[in-house]
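J.: Pasting data.pdb here (PDB, C-alpha atoms, pLDDT in the B column):
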ATOM      1  CA  MET A 269      44.542 -36.146 -26.530  1.00 55.00           C
ATOM      2  CA  THR A 270      44.546 -32.361 -26.179  1.00 66.00           C
ATOM      3  CA  GLN A 271      45.352 -30.992 -22.746  1.00 82.00           C
ATOM      4  CA  PRO A 272      43.700 -27.786 -21.396  1.00 84.00           C
ATOM      5  CA  PHE A 273      47.167 -26.318 -20.792  1.00 92.00           C
ATOM      6  CA  LEU A 274      48.759 -27.166 -24.169  1.00 93.00           C
ATOM      7  CA  PHE A 275      48.149 -24.963 -27.201  1.00 94.00           C
ATOM      8  CA  PRO A 276      49.575 -26.293 -30.491  1.00 94.00           C
ATOM      9  CA  PRO A 277      50.101 -23.613 -33.158  1.00 95.00           C
ATOM     10  CA  ALA A 278      48.370 -25.783 -35.785  1.00 94.00           C
ATOM     11  CA  ALA A 279      45.041 -25.619 -33.926  1.00 92.00           C
ATOM     12  CA  ALA A 280      45.189 -21.815 -33.711  1.00 94.00           C
ATOM     13  CA  LEU A 281      46.235 -21.543 -37.360  1.00 93.00           C
ATOM     14  CA  ALA A 282      43.282 -23.731 -38.383  1.00 93.00           C
ATOM     15  CA  ALA A 283      40.948 -21.420 -36.426  1.00 92.00           C
ATOM     16  CA  ILE A 284      42.379 -18.390 -38.283  1.00 94.00           C
ATOM     17  CA  GLY A 285      41.590 -20.046 -41.616  1.00 89.00           C
ATOM     18  CA  ASP A 286      41.192 -17.586 -44.479  1.00 86.00           C
ATOM     19  CA  ARG A 287      40.905 -14.393 -42.431  1.00 87.00           C
ATOM     20  CA  ALA A 288      42.571 -11.299 -43.883  1.00 81.00           C
ATOM     21  CA  GLY A 289      44.756  -8.526 -42.429  1.00 73.00           C
ATOM     22  CA  ILE A 290      45.087  -8.082 -38.669  1.00 70.00           C
ATOM     23  CA  GLN A 291      42.223 -10.537 -38.252  1.00 85.00           C
ATOM     24  CA  ARG A 292      44.787 -13.306 -38.793  1.00 93.00           C
ATOM     25  CA  PHE A 293      45.059 -13.606 -35.025  1.00 94.00           C
ATOM     26  CA  GLU A 294      43.505 -16.152 -32.662  1.00 95.00           C
ATOM     27  CA  TYR A 295      43.620 -16.018 -28.866  1.00 96.00           C
ATOM     28  CA  VAL A 296      44.216 -19.467 -27.369  1.00 96.00           C
ATOM     29  CA  ILE A 297      44.244 -18.567 -23.659  1.00 96.00           C
ATOM     30  CA  ARG A 298      43.251 -15.766 -21.294  1.00 96.00           C
ATOM     31  CA  HIS A 299      44.134 -15.877 -17.603  1.00 96.00           C
ATOM     32  CA  GLY A 300      44.005 -12.809 -15.378  1.00 97.00           C
ATOM     33  CA  SER A 301      45.752  -9.974 -17.227  1.00 97.00           C
ATOM     34  CA  MET A 302      47.601 -12.446 -19.501  1.00 98.00           C
ATOM     35  CA  LYS A 303      46.376 -13.424 -22.927  1.00 97.00           C
ATOM     36  CA  ALA A 304      48.180 -15.247 -25.721  1.00 98.00           C
ATOM     37  CA  GLY A 305      47.388 -15.880 -29.339  1.00 97.00           C
ATOM     38  CA  LEU A 306      48.808 -16.883 -32.675  1.00 97.00           C
ATOM     39  CA  TYR A 307      49.512 -14.107 -35.191  1.00 97.00           C
ATOM     40  CA  ALA A 308      49.966 -14.986 -38.882  1.00 95.00           C
ATOM     41  CA  PRO A 309      49.710 -11.823 -41.000  1.00 94.00           C
ATOM     42  CA  GLN A 310      49.838 -12.038 -44.772  1.00 91.00           C
ATOM     43  CA  ASN A 311      51.587  -9.496 -47.006  1.00 91.00           C
ATOM     44  CA  ARG A 312      51.677  -6.689 -44.419  1.00 91.00           C
ATOM     45  CA  ASP A 313      51.274  -6.058 -40.694  1.00 94.00           C
ATOM     46  CA  GLU A 314      48.698  -3.370 -39.949  1.00 90.00           C
ATOM     47  CA  GLN A 315      48.764  -3.466 -36.153  1.00 91.00           C
ATOM     48  CA  GLY A 316      49.209  -0.413 -33.963  1.00 91.00           C
ATOM     49  CA  PRO A 317      50.480   0.103 -30.416  1.00 96.00           C
ATOM     50  CA  HIS A 318      48.957  -2.014 -27.654  1.00 96.00           C
ATOM     51  CA  LYS A 319      47.859  -1.043 -24.145  1.00 97.00           C
ATOM     52  CA  GLN A 320      49.775  -3.900 -22.492  1.00 98.00           C
ATOM     53  CA  ASP A 321      53.390  -5.076 -22.648  1.00 98.00           C
ATOM     54  CA  GLU A 322      53.877  -7.781 -25.275  1.00 98.00           C
ATOM     55  CA  LEU A 323      56.229 -10.603 -26.197  1.00 98.00           C
ATOM     56  CA  TYR A 324      56.433 -12.197 -29.625  1.00 98.00           C
ATOM     57  CA  VAL A 325      57.868 -15.706 -29.972  1.00 98.00           C
ATOM     58  CA  ILE A 326      58.715 -16.354 -33.622  1.00 98.00           C
ATOM     59  CA  LEU A 327      57.623 -19.844 -34.699  1.00 98.00           C
ATOM     60  CA  THR A 328      58.137 -19.883 -38.458  1.00 98.00           C
ATOM     61  CA  GLY A 329      59.400 -17.530 -41.128  1.00 98.00           C
ATOM     62  CA  SER A 330      61.745 -14.583 -41.080  1.00 98.00           C
ATOM     63  CA  GLY A 331      61.784 -10.898 -41.848  1.00 98.00           C
ATOM     64  CA  THR A 332      62.399  -7.517 -40.314  1.00 98.00           C
ATOM     65  CA  PHE A 333      60.807  -6.098 -37.157  1.00 98.00           C
ATOM     66  CA  ALA A 334      60.472  -2.335 -36.684  1.00 98.00           C
ATOM     67  CA  LYS A 335      60.081  -0.678 -33.280  1.00 97.00           C
ATOM     68  CA  ALA A 336      60.454   3.014 -32.467  1.00 93.00           C
ATOM     69  CA  GLY A 337      62.382   3.712 -35.691  1.00 93.00           C
ATOM     70  CA  VAL A 338      64.792   0.772 -35.349  1.00 97.00           C
ATOM     71  CA  GLU A 339      64.616  -2.252 -37.686  1.00 98.00           C
ATOM     72  CA  VAL A 340      66.144  -5.655 -36.870  1.00 98.00           C
ATOM     73  CA  PRO A 341      66.048  -9.033 -38.643  1.00 98.00           C
ATOM     74  CA  PHE A 342      64.213 -11.914 -36.963  1.00 98.00           C
ATOM     75  CA  GLY A 343      63.825 -15.648 -37.470  1.00 98.00           C
ATOM     76  CA  PRO A 344      62.450 -18.813 -35.842  1.00 98.00           C
ATOM     77  CA  GLY A 345      63.068 -19.022 -32.103  1.00 98.00           C
ATOM     78  CA  ASP A 346      63.595 -15.289 -31.616  1.00 98.00           C
ATOM     79  CA  LEU A 347      61.864 -13.479 -28.754  1.00 98.00           C
ATOM     80  CA  ILE A 348      60.830  -9.842 -29.258  1.00 98.00           C
ATOM     81  CA  PHE A 349      59.708  -7.513 -26.438  1.00 98.00           C
ATOM     82  CA  VAL A 350      57.466  -4.492 -27.044  1.00 98.00           C
ATOM     83  CA  GLU A 351      56.546  -2.203 -24.189  1.00 97.00           C
ATOM     84  CA  ALA A 352      52.982  -0.894 -23.974  1.00 97.00           C
ATOM     85  CA  GLY A 353      52.297   2.027 -26.310  1.00 97.00           C
ATOM     86  CA  ALA A 354      55.345   1.515 -28.563  1.00 97.00           C
ATOM     87  CA  GLU A 355      54.894   1.803 -32.330  1.00 97.00           C
ATOM     88  CA  HIS A 356      55.918  -1.510 -33.897  1.00 97.00           C
ATOM     89  CA  ARG A 357      55.281  -3.893 -36.778  1.00 96.00           C
ATOM     90  CA  PHE A 358      56.664  -6.749 -38.785  1.00 97.00           C
ATOM     91  CA  VAL A 359      57.962  -5.672 -42.207  1.00 94.00           C
ATOM     92  CA  ASP A 360      59.293  -7.622 -45.174  1.00 92.00           C
ATOM     93  CA  PHE A 361      58.362 -11.009 -43.703  1.00 97.00           C
ATOM     94  CA  SER A 362      58.138 -14.386 -45.422  1.00 97.00           C
ATOM     95  CA  GLU A 363      54.850 -16.017 -46.437  1.00 95.00           C
ATOM     96  CA  ASP A 364      55.207 -18.713 -43.767  1.00 96.00           C
ATOM     97  CA  PHE A 365      55.596 -16.215 -40.888  1.00 97.00           C
ATOM     98  CA  THR A 366      53.780 -17.122 -37.651  1.00 97.00           C
ATOM     99  CA  CYS A 367      54.385 -16.100 -34.048  1.00 98.00           C
ATOM    100  CA  TRP A 368      52.895 -16.325 -30.596  1.00 98.00           C
ATOM    101  CA  ALA A 369      51.889 -12.925 -29.173  1.00 98.00           C
ATOM    102  CA  LEU A 370      51.658 -12.740 -25.375  1.00 98.00           C
ATOM    103  CA  PHE A 371      50.169  -9.756 -23.543  1.00 98.00           C
ATOM    104  CA  TRP A 372      50.179  -9.163 -19.779  1.00 98.00           C
ATOM    105  CA  GLY A 373      50.005  -6.563 -17.051  1.00 97.00           C
ATOM    106  CA  PRO A 374      48.086  -3.357 -16.589  1.00 97.00           C
ATOM    107  CA  ASP A 375      47.172  -0.899 -19.313  1.00 96.00           C
ATOM    108  CA  GLY A 376      50.216   1.301 -19.798  1.00 96.00           C
ATOM    109  CA  GLY A 377      52.593  -1.589 -19.104  1.00 96.00           C
ATOM    110  CA  GLU A 378      54.631  -2.751 -16.135  1.00 94.00           C
ATOM    111  CA  VAL A 379      57.017  -0.475 -14.319  1.00 84.00           C
ATOM    112  CA  ALA A 380      60.582  -1.145 -15.488  1.00 75.00           C
ATOM    113  CA  GLY A 381      62.695  -2.522 -12.676  1.00 68.00           C
TER     114      GLY A 381
END
Go ahead and express the file in the form of structure tokens.
T.:
Amino acid sequence: MTQPFLFPPAAALAAIGDRAGIQRFEYVIRHGSMKAGLYAPQNRDEQGPHKQDELYVILTGSGTFAKAGVEVPFGPGDLIFVEAGAEHRFVDFSEDFTCWALFWGPDGGEVAG
């Protein structure tokens, strides 16, 4: 039985289906300023900067993540933070790459504290 507070990646991935490009994203919840979805790009990541702060939780796959001119390797279980407005993208990632993307806060991001 599915619970209204539990969001399995498989259900979101099924909803994405055969979409192409940055459309391989499916929101599973929105609450206040927070929204979360599954991202499963294929071949390349075409996203641009976002208005809100963002966290990525890597579920499957591996590759390289680029942010503000710095590239780092990532793999399952890693958590990646991107502040609002920062240039970023996944590069050289495996075919099975999927991650949760969580957005929150005001446009322009939270104040660092």
J.: Find the distance between atom CA of Gly316 of chain A and atom CA of Phe273 of chain A and write it in Å to one decimal.
T.: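 Taking atom CA of Gly316 of chain A as the start and atom CA of Phe273 of chain A as the end point, the length is 29.1 Å.
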J.: Enclose the full set of atoms of segment 362-375 of chain A listed in the file within a box whose edges lie along x, y and z, apply 3 Å of padding to each of the six sides, and report centre and edge lengths in Å to one decimal as lines of an AutoDock Vina configuration file.
T.:
center_x = 52.7
center_y = -9.8
center_z = -31.5
size_x = 17.0
size_y = 23.8
size_z = 35.8
J.: One decimal, in Å: what's the spacing between atom CA of Gly289 of chain A and atom CA of Glu378 of chain A?
T.: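 Result for atom CA of Gly289 of chain A versus atom CA of Glu378 of chain A: 28.7 Å, one decimal.
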J.: When you draw a straight line from atom CA of Arg298 of chain A to atom CA of Gly377 of chain A, how long is it in Å?
T.: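 Separating atom CA of Arg298 of chain A from atom CA of Gly377 of chain A is a distance of 17.1 Å.
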J.: With the PyMOL selection byres ((chain A and resi 352) around 10) as the selection, what would be picked from this file? Answer as a PyMOL selection string, please.
T.: chain A and resi 317-322+349-351+353-355+371-378
J.: Using the incomplete input, complete segment 330-343 of chain A to the level of N, CA and C atoms; output as a short mmCIF file (atom, residue, chain, number, x, y, z; two decimals), in the frame of the given file.
T.:
data_model
loop_
_atom_site.label_atom_id
_atom_site.label_comp_id
_atom_site.auth_asym_id
_atom_site.auth_seq_id
_atom_site.Cartn_x
_atom_site.Cartn_y
_atom_site.Cartn_z
N SER A 330 60.72 -15.57 -41.41
CA SER A 330 61.74 -14.58 -41.08
C SER A 330 61.35 -13.26 -41.70
N GLY A 331 62.07 -12.22 -41.31
CA GLY A 331 61.78 -10.90 -41.85
C GLY A 331 62.49 -9.83 -41.05
N THR A 332 61.87 -8.67 -41.04
CA THR A 332 62.40 -7.52 -40.31
C THR A 332 61.32 -7.01 -39.37
N PHE A 333 61.73 -6.65 -38.15
CA PHE A 333 60.81 -6.10 -37.16
C PHE A 333 61.20 -4.66 -36.90
N ALA A 334 60.22 -3.75 -36.92
CA ALA A 334 60.47 -2.34 -36.68
C ALA A 334 59.82 -1.91 -35.37
N LYS A 335 60.60 -1.21 -34.55
CA LYS A 335 60.08 -0.68 -33.28
C LYS A 335 60.77 0.66 -33.02
N ALA A 336 59.95 1.69 -32.83
CA ALA A 336 60.45 3.01 -32.47
C ALA A 336 61.58 3.48 -33.40
N GLY A 337 61.42 3.24 -34.71
CA GLY A 337 62.38 3.71 -35.69
C GLY A 337 63.60 2.83 -35.91
N VAL A 338 63.67 1.71 -35.20
CA VAL A 338 64.79 0.77 -35.35
C VAL A 338 64.27 -0.51 -36.01
N GLU A 339 64.99 -1.01 -37.01
CA GLU A 339 64.62 -2.25 -37.69
C GLU A 339 65.68 -3.31 -37.45
N VAL A 340 65.23 -4.53 -37.11
CA VAL A 340 66.14 -5.66 -36.87
C VAL A 340 65.61 -6.90 -37.57
N PRO A 341 66.50 -7.77 -38.04
CA PRO A 341 66.05 -9.03 -38.64
C PRO A 341 65.60 -10.00 -37.55
N PHE A 342 64.66 -10.88 -37.90
CA PHE A 342 64.21 -11.91 -36.96
C PHE A 342 64.05 -13.23 -37.70
N GLY A 343 64.03 -14.31 -36.92
CA GLY A 343 63.82 -15.65 -37.47
C GLY A 343 63.27 -16.58 -36.41
#
